[in-house]
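Visitor: Next up, data07.txt (compact mmCIF, C-alpha atoms).
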```txt
# COMPACT_ATOMS: atom_id res chain seq x y z
CA MET O 845 211.34 88.63 80.07
CA GLY O 846 213.76 91.58 79.87
CA SER O 847 216.74 91.78 77.57
CA GLU O 848 219.75 89.60 78.37
CA ALA O 849 221.98 92.59 79.09
CA ALA O 850 219.57 94.15 81.55
CA ALA O 851 218.86 90.81 83.20
CA GLU O 852 222.53 90.44 84.19
CA GLU O 853 222.31 93.46 86.47
CA ARG O 854 219.18 92.28 88.21
CA THR O 855 218.61 89.66 90.84
CA VAL O 856 215.55 87.59 91.59
CA GLY O 857 213.75 88.71 94.73
CA VAL O 858 212.26 86.51 97.43
CA VAL O 859 209.02 86.92 99.38
CA LEU O 860 208.39 85.05 102.63
CA VAL O 861 204.74 84.48 103.45
CA SER O 862 204.00 83.32 106.98
CA HIS O 863 201.12 83.32 109.42
CA SER O 864 203.53 84.66 112.02
CA ARG O 865 205.61 87.84 111.92
CA ALA O 866 208.06 86.31 114.38
CA LEU O 867 208.51 83.20 112.23
CA ALA O 868 209.12 85.25 109.09
CA ALA O 869 211.55 87.56 110.88
CA ALA O 870 213.48 84.60 112.29
CA ALA O 871 213.66 82.89 108.91
CA LEU O 872 214.88 86.11 107.34
CA GLU O 873 217.54 86.47 110.02
CA MET O 874 218.69 82.89 109.38
CA ALA O 875 218.95 83.57 105.67
CA ARG O 876 220.95 86.74 106.23
CA GLN O 877 223.40 84.95 108.54
CA MET O 878 223.67 81.54 106.89
CA ALA O 879 223.23 82.34 103.23
CA GLY O 880 225.09 85.64 103.11
CA THR O 881 222.33 87.23 101.13
CA GLY O 882 222.91 90.91 101.75
CA ALA O 883 222.39 91.91 98.13
CA VAL O 884 219.23 89.85 97.60
CA ARG O 885 215.90 91.53 98.25
CA ILE O 886 213.95 89.39 100.70
CA GLU O 887 210.58 90.81 101.69
CA THR O 888 208.22 89.39 104.29
CA ALA O 889 204.44 89.44 104.41
CA ALA O 890 203.36 87.83 107.66
CA GLY O 891 200.56 88.02 110.17
CA VAL O 892 197.57 90.33 110.19
CA SER O 893 196.77 93.35 112.32
CA GLY O 894 193.76 93.27 114.62
CA PRO O 895 191.44 96.26 115.03
CA ASP O 896 193.47 97.44 118.02
CA GLY O 897 196.78 96.98 116.22
CA ALA O 898 197.31 93.59 117.85
CA ASP O 899 199.63 91.19 116.06
CA LEU O 900 197.53 88.21 114.96
CA LEU O 901 198.34 84.97 113.18
CA GLY O 902 197.18 84.98 109.58
CA THR O 903 197.99 85.97 106.02
CA ASP O 904 196.90 89.01 104.03
CA ALA O 905 196.89 88.76 100.23
CA SER O 906 197.07 92.51 99.71
CA ALA O 907 200.16 92.74 101.94
CA ILE O 908 201.66 89.81 100.01
CA ALA O 909 201.00 91.59 96.71
CA GLU O 910 202.77 94.69 98.05
CA ALA O 911 205.75 92.57 99.17
CA MET O 912 205.92 91.00 95.70
CA GLN O 913 206.11 94.46 94.16
CA ARG O 914 208.85 95.56 96.57
CA ALA O 915 210.87 92.40 95.90
CA ASP O 916 210.83 92.73 92.12
CA ASP O 917 213.48 94.71 90.24
CA GLY O 918 212.47 93.24 86.91
CA ALA O 919 214.12 89.84 87.35
CA GLY O 920 211.09 88.31 89.04
CA VAL O 921 210.19 86.94 92.44
CA VAL O 922 210.08 83.53 94.12
CA VAL O 923 207.56 83.20 96.96
CA LEU O 924 207.92 80.76 99.85
CA THR O 925 204.92 80.05 102.08
CA ASP O 926 204.62 78.38 105.46
CA LEU O 927 201.35 76.41 105.29
CA GLY O 928 197.63 76.31 104.76
CA SER O 929 196.10 79.64 103.91
CA ALA O 930 199.52 81.15 103.15
CA LEU O 931 199.36 79.32 99.81
CA LEU O 932 195.77 80.45 99.17
CA SER O 933 196.62 84.05 99.99
CA ALA O 934 199.75 83.98 97.81
CA GLY O 935 197.63 82.73 94.92
CA LEU O 936 195.10 85.49 95.50
CA ALA O 937 197.94 88.03 95.70
CA LEU O 938 198.87 87.11 92.12
CA ASP O 939 195.36 88.22 91.08
CA LEU O 940 195.97 91.59 92.74
CA LEU O 941 199.24 92.29 90.87
CA PRO O 942 199.62 94.45 87.78
CA ASP O 943 199.60 92.32 84.62
CA GLY O 944 203.30 92.65 83.80
CA LEU O 945 204.53 91.55 87.21
CA ARG O 946 202.19 88.56 87.58
CA ASP O 947 204.06 86.71 84.83
CA ARG O 948 207.36 86.83 86.70
CA VAL O 949 206.22 85.79 90.18
CA VAL O 950 206.48 82.11 91.07
CA VAL O 951 204.78 80.73 94.18
CA SER O 952 207.14 77.91 95.10
CA PRO O 953 206.05 74.54 96.50
CA GLY O 954 209.39 74.42 98.33
CA PRO O 955 209.64 74.16 102.11
CA PHE O 956 209.68 77.49 103.97
CA VAL O 957 213.15 77.41 105.52
CA GLU O 958 215.11 75.24 103.08
CA GLY O 959 213.42 76.87 100.11
CA LEU O 960 214.32 80.30 101.41
CA MET O 961 217.99 79.39 101.94
CA ILE O 962 218.36 77.86 98.50
CA ALA O 963 216.38 80.62 96.76
CA ALA O 964 218.42 83.31 98.49
CA ILE O 965 221.74 81.70 97.60
CA ALA O 966 220.68 81.04 94.01
CA ALA O 967 219.35 84.56 93.60
CA GLY O 968 222.63 85.92 94.99
CA THR O 969 224.53 84.17 92.20
CA GLY O 970 222.47 86.07 89.67
CA ALA O 971 220.57 82.97 88.51
CA PRO O 972 217.46 83.68 86.44
CA LEU O 973 213.93 83.26 87.78
CA ALA O 974 213.32 79.81 86.31
CA SER O 975 216.49 78.46 87.89
CA VAL O 976 215.91 80.04 91.31
CA ALA O 977 212.33 78.74 91.32
CA GLU O 978 213.40 75.25 90.30
CA GLN O 979 216.08 75.05 93.00
CA ALA O 980 213.74 76.35 95.71
CA GLY O 981 211.07 73.87 94.68
CA ALA O 982 213.58 71.01 94.78
CA ALA O 983 214.69 71.85 98.33
CA LEU O 984 212.32 69.27 99.78
CA LEU O 985 213.93 66.52 97.71
CA MET O 986 217.33 67.40 99.15
CA LYS O 987 215.97 66.96 102.66
CA GLN O 988 214.32 63.67 101.80
CA SER O 989 217.57 62.31 100.43
CA GLY O 990 219.41 63.39 103.55
CA ALA O 991 221.61 65.94 101.84
CA MET G 1415 180.59 106.19 84.66
CA ALA G 1416 178.29 103.19 84.79
CA THR G 1417 177.65 101.20 81.67
CA GLN G 1418 174.81 98.91 80.75
CA THR G 1419 175.76 95.32 80.00
CA ALA G 1420 173.91 92.04 79.84
CA GLY G 1421 172.59 91.26 83.30
CA SER G 1422 172.58 94.88 84.42
CA ALA G 1423 169.37 96.57 85.45
CA GLU G 1424 167.99 99.93 86.39
CA PRO G 1425 167.78 100.32 90.17
CA GLY G 1426 164.32 99.45 91.39
CA GLU G 1427 162.14 96.65 92.61
CA GLY G 1428 163.96 93.31 92.49
CA SER G 1429 167.22 94.75 91.19
CA VAL G 1430 170.48 94.51 93.11
CA ASP G 1431 172.11 97.94 93.40
CA ALA G 1432 174.65 99.39 95.83
CA ALA G 1433 171.96 100.02 98.44
CA ALA G 1434 170.74 96.42 98.24
CA LEU G 1435 174.28 95.03 98.34
CA THR G 1436 175.08 97.21 101.34
CA GLU G 1437 172.01 95.88 103.12
CA TRP G 1438 173.12 92.32 102.29
CA LEU G 1439 176.68 92.86 103.58
CA ARG G 1440 175.40 94.45 106.78
CA ALA G 1441 173.05 91.52 107.27
CA VAL G 1442 175.96 89.12 106.75
CA ALA G 1443 177.99 90.99 109.37
CA ALA G 1444 175.13 90.87 111.86
CA SER G 1445 174.57 87.17 111.25
CA ILE G 1446 178.27 86.30 111.54
CA ALA G 1447 178.48 88.30 114.78
CA GLU G 1448 175.42 86.48 116.14
CA HIS G 1449 176.87 83.09 115.19
CA ALA G 1450 180.56 83.81 115.86
CA THR G 1451 180.75 81.58 118.92
CA GLU G 1452 178.97 78.74 117.12
CA LEU G 1453 181.35 79.04 114.14
CA THR G 1454 184.40 79.04 116.38
CA ASP G 1455 183.07 76.05 118.34
CA LEU G 1456 182.53 74.12 115.09
CA ASP G 1457 186.07 75.07 114.05
CA ALA G 1458 187.46 73.99 117.43
CA ALA G 1459 186.24 70.46 116.71
CA ILE G 1460 188.09 70.05 113.39
CA GLY G 1461 190.10 73.21 112.76
CA ASP G 1462 192.00 75.85 114.66
CA ALA G 1463 189.11 77.45 116.55
CA ASP G 1464 189.28 80.80 114.84
CA HIS G 1465 186.68 80.78 112.05
CA GLY G 1466 184.04 82.74 113.95
CA SER G 1467 186.40 85.29 115.46
CA ASN G 1468 188.30 85.75 112.18
CA LEU G 1469 185.16 86.32 110.12
CA ASP G 1470 183.59 88.49 112.79
CA ARG G 1471 186.70 90.68 112.84
CA GLY G 1472 186.62 91.00 109.04
CA MET G 1473 182.89 91.68 108.81
CA SER G 1474 183.14 94.27 111.61
CA ALA G 1475 185.89 96.01 109.66
CA LEU G 1476 183.66 95.89 106.58
CA VAL G 1477 180.78 97.50 108.48
CA GLY G 1478 183.23 100.23 109.50
CA VAL G 1479 184.11 100.81 105.83
CA LEU G 1480 180.41 100.91 104.88
CA ASP G 1481 179.70 103.35 107.73
CA GLU G 1482 182.42 105.66 106.42
CA SER G 1483 181.76 105.44 102.70
CA HIS G 1484 177.95 105.21 102.69
CA PRO G 1485 177.81 103.42 99.32
CA GLU G 1486 174.02 103.12 99.63
CA THR G 1487 173.54 106.87 99.32
CA GLY G 1488 176.08 107.57 96.58
CA ASP G 1489 176.41 106.37 93.04
CA SER G 1490 178.74 103.46 93.85
CA THR G 1491 178.83 100.85 91.14
CA VAL G 1492 178.23 97.20 91.94
CA ASP G 1493 181.81 96.22 91.19
CA ALA G 1494 183.35 99.04 93.24
CA LEU G 1495 181.31 98.07 96.29
CA LEU G 1496 182.03 94.35 95.98
CA LYS G 1497 185.74 94.97 95.39
CA SER G 1498 185.91 97.19 98.45
CA ALA G 1499 184.26 94.45 100.50
CA ALA G 1500 186.71 91.89 99.13
CA MET G 1501 189.79 93.95 99.91
CA THR G 1502 188.59 94.65 103.44
CA LEU G 1503 188.03 90.94 104.14
CA ILE G 1504 191.37 90.00 102.56
CA SER G 1505 193.25 92.40 104.84
CA THR G 1506 191.44 91.68 108.09
CA VAL G 1507 190.23 88.06 108.26
CA GLY G 1508 193.66 86.40 108.17
CA GLY G 1509 192.71 82.75 107.69
CA ALA G 1510 191.84 80.77 104.61
CA SER G 1511 188.31 82.12 104.79
CA GLY G 1512 189.65 85.65 104.18
CA ALA G 1513 191.36 84.60 100.95
CA LEU G 1514 188.37 82.50 99.87
CA TYR G 1515 185.57 84.96 100.66
CA GLY G 1516 187.83 87.72 99.31
CA THR G 1517 188.08 85.74 96.08
CA LEU G 1518 184.29 85.23 96.05
CA PHE G 1519 183.57 88.96 96.22
CA LEU G 1520 186.45 89.94 93.89
CA ARG G 1521 185.25 87.56 91.18
CA MET G 1522 181.66 88.70 91.71
CA ALA G 1523 182.86 92.28 91.20
CA ALA G 1524 184.73 91.38 88.02
CA ALA G 1525 181.72 89.52 86.63
CA ALA G 1526 179.28 92.31 87.53
CA GLY G 1527 181.36 95.11 86.03
CA PRO G 1528 180.83 98.86 86.53
CA VAL G 1529 177.02 98.81 86.52
CA ASN G 1530 174.60 100.56 88.87
CA ALA G 1531 172.50 97.46 89.43
CA LEU G 1532 172.17 93.80 88.49
CA ASP G 1533 169.00 92.02 87.52
CA ALA G 1534 168.25 88.53 88.81
CA LYS G 1535 170.20 86.72 86.11
CA GLY G 1536 173.06 89.19 86.43
CA PHE G 1537 173.29 88.59 90.18
CA ALA G 1538 173.13 84.82 89.69
CA ALA G 1539 175.89 85.00 87.07
CA ALA G 1540 178.07 87.11 89.37
CA LEU G 1541 177.53 84.71 92.27
CA ARG G 1542 178.38 81.76 90.02
CA ALA G 1543 181.57 83.51 88.88
CA GLY G 1544 182.48 84.14 92.51
CA VAL G 1545 181.93 80.52 93.48
CA ASP G 1546 183.91 79.34 90.44
CA GLY G 1547 186.71 81.56 91.73
CA VAL G 1548 186.57 79.86 95.12
CA VAL G 1549 186.75 76.47 93.40
CA ALA G 1550 189.81 77.54 91.43
CA ARG G 1551 191.51 79.17 94.44
CA GLY G 1552 190.92 76.36 96.93
CA LYS G 1553 191.14 73.50 94.40
CA ALA G 1554 188.29 71.88 96.30
CA GLU G 1555 185.29 69.95 95.01
CA LEU G 1556 181.85 69.09 96.29
CA GLN G 1557 181.97 66.79 99.32
CA ASP G 1558 185.46 67.89 100.35
CA LYS G 1559 183.74 69.28 103.48
CA THR G 1560 184.25 72.96 102.69
CA MET G 1561 182.20 76.11 102.10
CA LEU G 1562 181.65 74.87 98.55
CA ASP G 1563 179.28 72.20 99.88
CA ALA G 1564 176.90 75.09 100.63
CA LEU G 1565 177.86 77.52 97.86
CA ILE G 1566 177.64 75.21 94.83
CA PRO G 1567 174.15 73.85 95.68
CA ALA G 1568 173.04 77.44 96.37
CA CYS G 1569 174.17 78.57 92.90
CA ASP G 1570 172.53 75.54 91.30
CA ALA G 1571 169.23 76.19 93.09
CA LEU G 1572 169.29 79.89 92.21
CA ASP G 1573 169.94 79.16 88.53
CA ALA G 1574 167.21 76.49 88.45
CA ALA G 1575 164.64 78.76 90.07
CA LEU G 1576 165.39 81.61 87.66
CA ALA G 1577 165.31 79.24 84.67
CA ALA G 1578 161.87 78.09 85.83
CA GLY G 1579 160.64 81.66 85.73
CA GLY G 1580 161.01 82.51 89.40
CA SER G 1581 161.98 85.92 90.74
CA LEU G 1582 165.31 86.70 92.40
CA ALA G 1583 163.57 86.46 95.77
CA ASP G 1584 162.24 83.00 94.88
CA GLY G 1585 165.65 81.94 93.67
CA LEU G 1586 167.43 83.14 96.79
CA GLN G 1587 164.91 81.36 99.03
CA ALA G 1588 165.71 78.16 97.13
CA ALA G 1589 169.42 78.94 97.31
CA ALA G 1590 169.28 79.41 101.09
CA ALA G 1591 167.46 76.09 101.53
CA ALA G 1592 169.99 74.34 99.27
CA ALA G 1593 172.92 75.87 101.15
CA ALA G 1594 171.49 74.73 104.49
CA ALA G 1595 170.95 71.21 103.15
CA GLY G 1596 174.51 71.17 101.80
CA ARG G 1597 175.82 72.42 105.14
CA ASP G 1598 173.94 69.70 107.04
CA ALA G 1599 175.28 67.09 104.62
CA THR G 1600 178.87 67.97 105.57
CA VAL G 1601 178.49 66.29 108.96
CA PRO G 1602 179.42 62.72 107.92
CA LEU G 1603 182.02 63.80 105.37
CA VAL G 1604 185.77 63.33 105.80
CA ALA G 1605 187.58 66.63 105.17
CA ARG G 1606 189.89 66.66 102.19
CA LYS G 1607 190.98 70.31 102.32
CA GLY G 1608 192.35 72.71 104.89
CA ARG G 1609 193.31 72.23 108.51
CA ALA G 1610 190.48 69.72 109.07
CA SER G 1611 192.00 67.36 106.49
CA TYR G 1612 194.96 66.81 108.84
CA LEU G 1613 192.51 64.90 111.05
CA GLY G 1614 191.58 62.41 108.33
CA GLU G 1615 188.71 60.11 109.38
CA ARG G 1616 188.38 61.94 112.69
CA SER G 1617 186.95 64.95 110.84
CA ALA G 1618 183.76 62.95 110.16
CA GLY G 1619 180.84 63.57 112.50
CA HIS G 1620 181.30 67.34 112.63
CA GLN G 1621 179.52 70.06 110.67
CA ASP G 1622 181.93 72.09 108.54
CA PRO G 1623 182.37 75.65 109.80
CA GLY G 1624 183.04 77.02 106.29
CA ALA G 1625 179.81 75.53 104.93
CA THR G 1626 178.07 76.99 107.99
CA SER G 1627 179.31 80.54 107.42
CA ALA G 1628 178.63 80.25 103.67
CA THR G 1629 175.03 79.31 104.48
CA LEU G 1630 174.71 82.40 106.69
CA ILE G 1631 175.88 84.53 103.75
CA VAL G 1632 173.31 82.99 101.37
CA GLU G 1633 170.55 83.23 103.99
CA ALA G 1634 171.39 86.91 104.43
CA ALA G 1635 171.06 87.36 100.66
CA ALA G 1636 167.63 85.71 100.76
CA ALA G 1637 166.58 88.04 103.58
CA THR G 1638 167.73 91.24 101.91
CA LEU G 1639 167.87 90.93 98.10
CA GLY G 1640 165.16 90.73 95.47
CA GLY G 1641 162.19 91.88 97.50
CA PRO G 1642 159.51 89.53 98.88
CA PRO G 1643 159.07 86.04 97.37
CA SER G 1644 156.37 86.00 94.67
CA ALA G 1645 154.72 82.77 95.83
CA GLY G 1646 154.96 79.88 98.24
CA PRO G 1647 154.94 79.65 102.02
CA GLY G 1648 158.02 81.84 102.35
CA GLY G 1649 161.27 81.28 104.16
CA GLY G 1650 161.70 80.50 107.82
```
Mind turning the file's structure into structure tokens?
Guide:
Amino acid sequence: MGSEAAAEERTVGVVLVSHSRALAAAALEMARQMAGTGAVRIETAAGVSGPDGADLLGTDASAIAEAMQRADDGAGVVVLTDLGSALLSAGLALDLLPDGLRDRVVVSPGPFVEGLMIAAIAAGTGAPLASVAEQAGAALLMKQSGA
Amino acid sequence: MATQTAGSAEPGEGSVDAAALTEWLRAVAASIAEHATELTDLDAAIGDADHGSNLDRGMSALVGVLDESHPETGDSTVDALLKSAAMTLISTVGGASGALYGTLFLRMAAAAGPVNALDAKGFAAALRAGVDGVVARGKAELQDKTMLDALIPACDALDAALAAGGSLADGLQAAAAAAAAGRDATVPLVARKGRASYLGERSAGHQDPGATSATLIVEAAAATLGGPPSAGPGGG
């Protein structure tokens, strides 16, 4: 954790991990429009490239690790995944990070879209990593209760 | 600079160096390519019909890296070669198998360390570390109908053969047989992990594609590492 004074100037970043580049881009667009998150760093790591440059469905842990590094300004990163191997690859990406960063990246169990919206809004308020992660993770509960 | 640690060995008969590992990885790529349609067909029954094509794409990319870097002719350390293989698979396979096999090779690299070659026990320890990494990453257990149903029995058989005084070749023959038996035993299982688990009871009656590809990897090790078996009727 950084000093309190420095932490005030930083915002938690968000990484979106999806099998599909189109899905990640659309979710990002929704967040920009609905959550008003211009100041929050939201990075995407989605899809894989085929040998001929084709856009394929899949996740790439090294691309996710790079997105985590781009999203971090020292305040930490919350990661939202779509499903299946996105979670596996996000976990592997943590292994690929430098030691200092790994401790401030949280792979959230929150739902992809709702978790993103809530994480982006919370990060925009300057909330610390633990709070942003907790709110993103609780996004599923809000949906279950009909909120 | 390479260092000598427990489990490391001078390159030579029965030791696993960069040249031997390269031969193994090329054999894996050839076997996956040969069985790509079968793997995808198995995956079509209980998964998303991409296991063979995903792995084939990743292994083809790995062969391209090996063709360019020629680790078998240089002084590549065991961990550098295995890490390079892991990173290539991670970036090109795309599905869960990319993250899981990437983890297998990454953890093998970390366990092996910057040595020029591994002896039999060193290779077995690296493989065990890799498989433990897959367990931790996938949070799966035996009989969840995954690649671990082949990999864990293979590690157990390799360790048992070496403990009984067998050579690496003997141990890998036993490991390949154990992996194949574990693969076959996935047929009646209900999947508890991955895409197949969405099917619940309907996943029973199908051989697991991950256990099938894992068996190909162990069989390729038996065909390429450790030299000829010291005794017995040999593999088939």
Visitor: What are the residues of chain G lining chain O at 12 Å or less? Count only C-alpha atoms, and put the answer as JSON, numbers by chain.
Guide: {"G": [1461, 1462, 1464, 1465, 1467, 1468, 1469, 1470, 1471, 1472, 1473, 1474, 1475, 1476, 1478, 1497, 1500, 1501, 1502, 1503, 1504, 1505, 1506, 1507, 1508, 1509, 1510, 1511, 1512, 1513, 1514, 1515, 1516, 1517, 1518, 1520, 1521, 1524, 1547, 1548, 1549, 1550, 1551, 1552, 1553, 1554, 1607, 1608, 1609, 1610, 1611, 1612]}
Visitor: What lies within 9 Å of Gly1624 of chain G using all atoms listed in the file, ignoring chain neighbours under 6 positions off, as a list in words?
Guide: Leu1453, Asp1457, His1465, Ser1511, Lys1559, Thr1560, Met1561, Leu1562, Asp1563, Ala1564 and Arg1597 of chain G
Visitor: Find the distance between atom CA of Ala977 of chain O and atom CA of Val950 of chain O and write it in Å to one decimal.
Guide: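 It comes out at 6.8 Å.
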Visitor: Residues at most 12 Å from Leu1480 of chain G, counting all atoms listed in the file, excluding those fewer than 4 positions away in the same chain, as a ChimeraX atom specification?
Guide: /G:1432-1433,1435-1440,1443,1473-1476,1484-1488,1490,1495-1496,1498-1499,1502
Visitor: Between atom CA of Gly959 of chain O and atom CA of Val921 of chain O, measure the distance and give it in Å to one decimal.
Guide: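 Atom CA of Val921 of chain O lies at a distance of 13.1 Å from atom CA of Gly959 of chain O.
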Visitor: Taking all atoms of segment 1546-1563 of chain G that appear in the file, build a box with edges along x, y and z, extend it by 3 Å on every side, and state its centre and edge lengths in Å to one decimal, as AutoDock Vina command-line options.
Guide:
```
--center_x 185.4 --center_y 74.2 --center_z 97.0 --size_x 18.2 --size_y 20.8 --size_z 19.0
```
Visitor: For atom CA of Ala868 of chain O and atom CA of Thr855 of chain O, quote the distance in Å rounded to one decimal.
Guide: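 Going from atom CA of Ala868 of chain O over to atom CA of Thr855 of chain O covers 21.0 Å.
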Visitor: Between O:Ile965, O:Ala889, O:Leu867, O:Ala971, which has the minimum distance to Arg854 of chain O (counting only C-alpha atoms)?
Guide: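 Closest to Arg854 of chain O, using only C-alpha atoms: O:Ala971.
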Visitor: Counting all atoms listed in the file, which of G:Ala1459, G:Ala1634, G:Ile1446, G:Ala1571 gets nearest to Ala1592 of chain G?
Guide: G:Ala1571
Visitor: May I ask which of the residues O:Ala983, O:Ala866, O:Leu938, O:Ala898 is the closest one to Ile962 of chain O, counting only C-alpha atoms?
Guide: O:Ala983
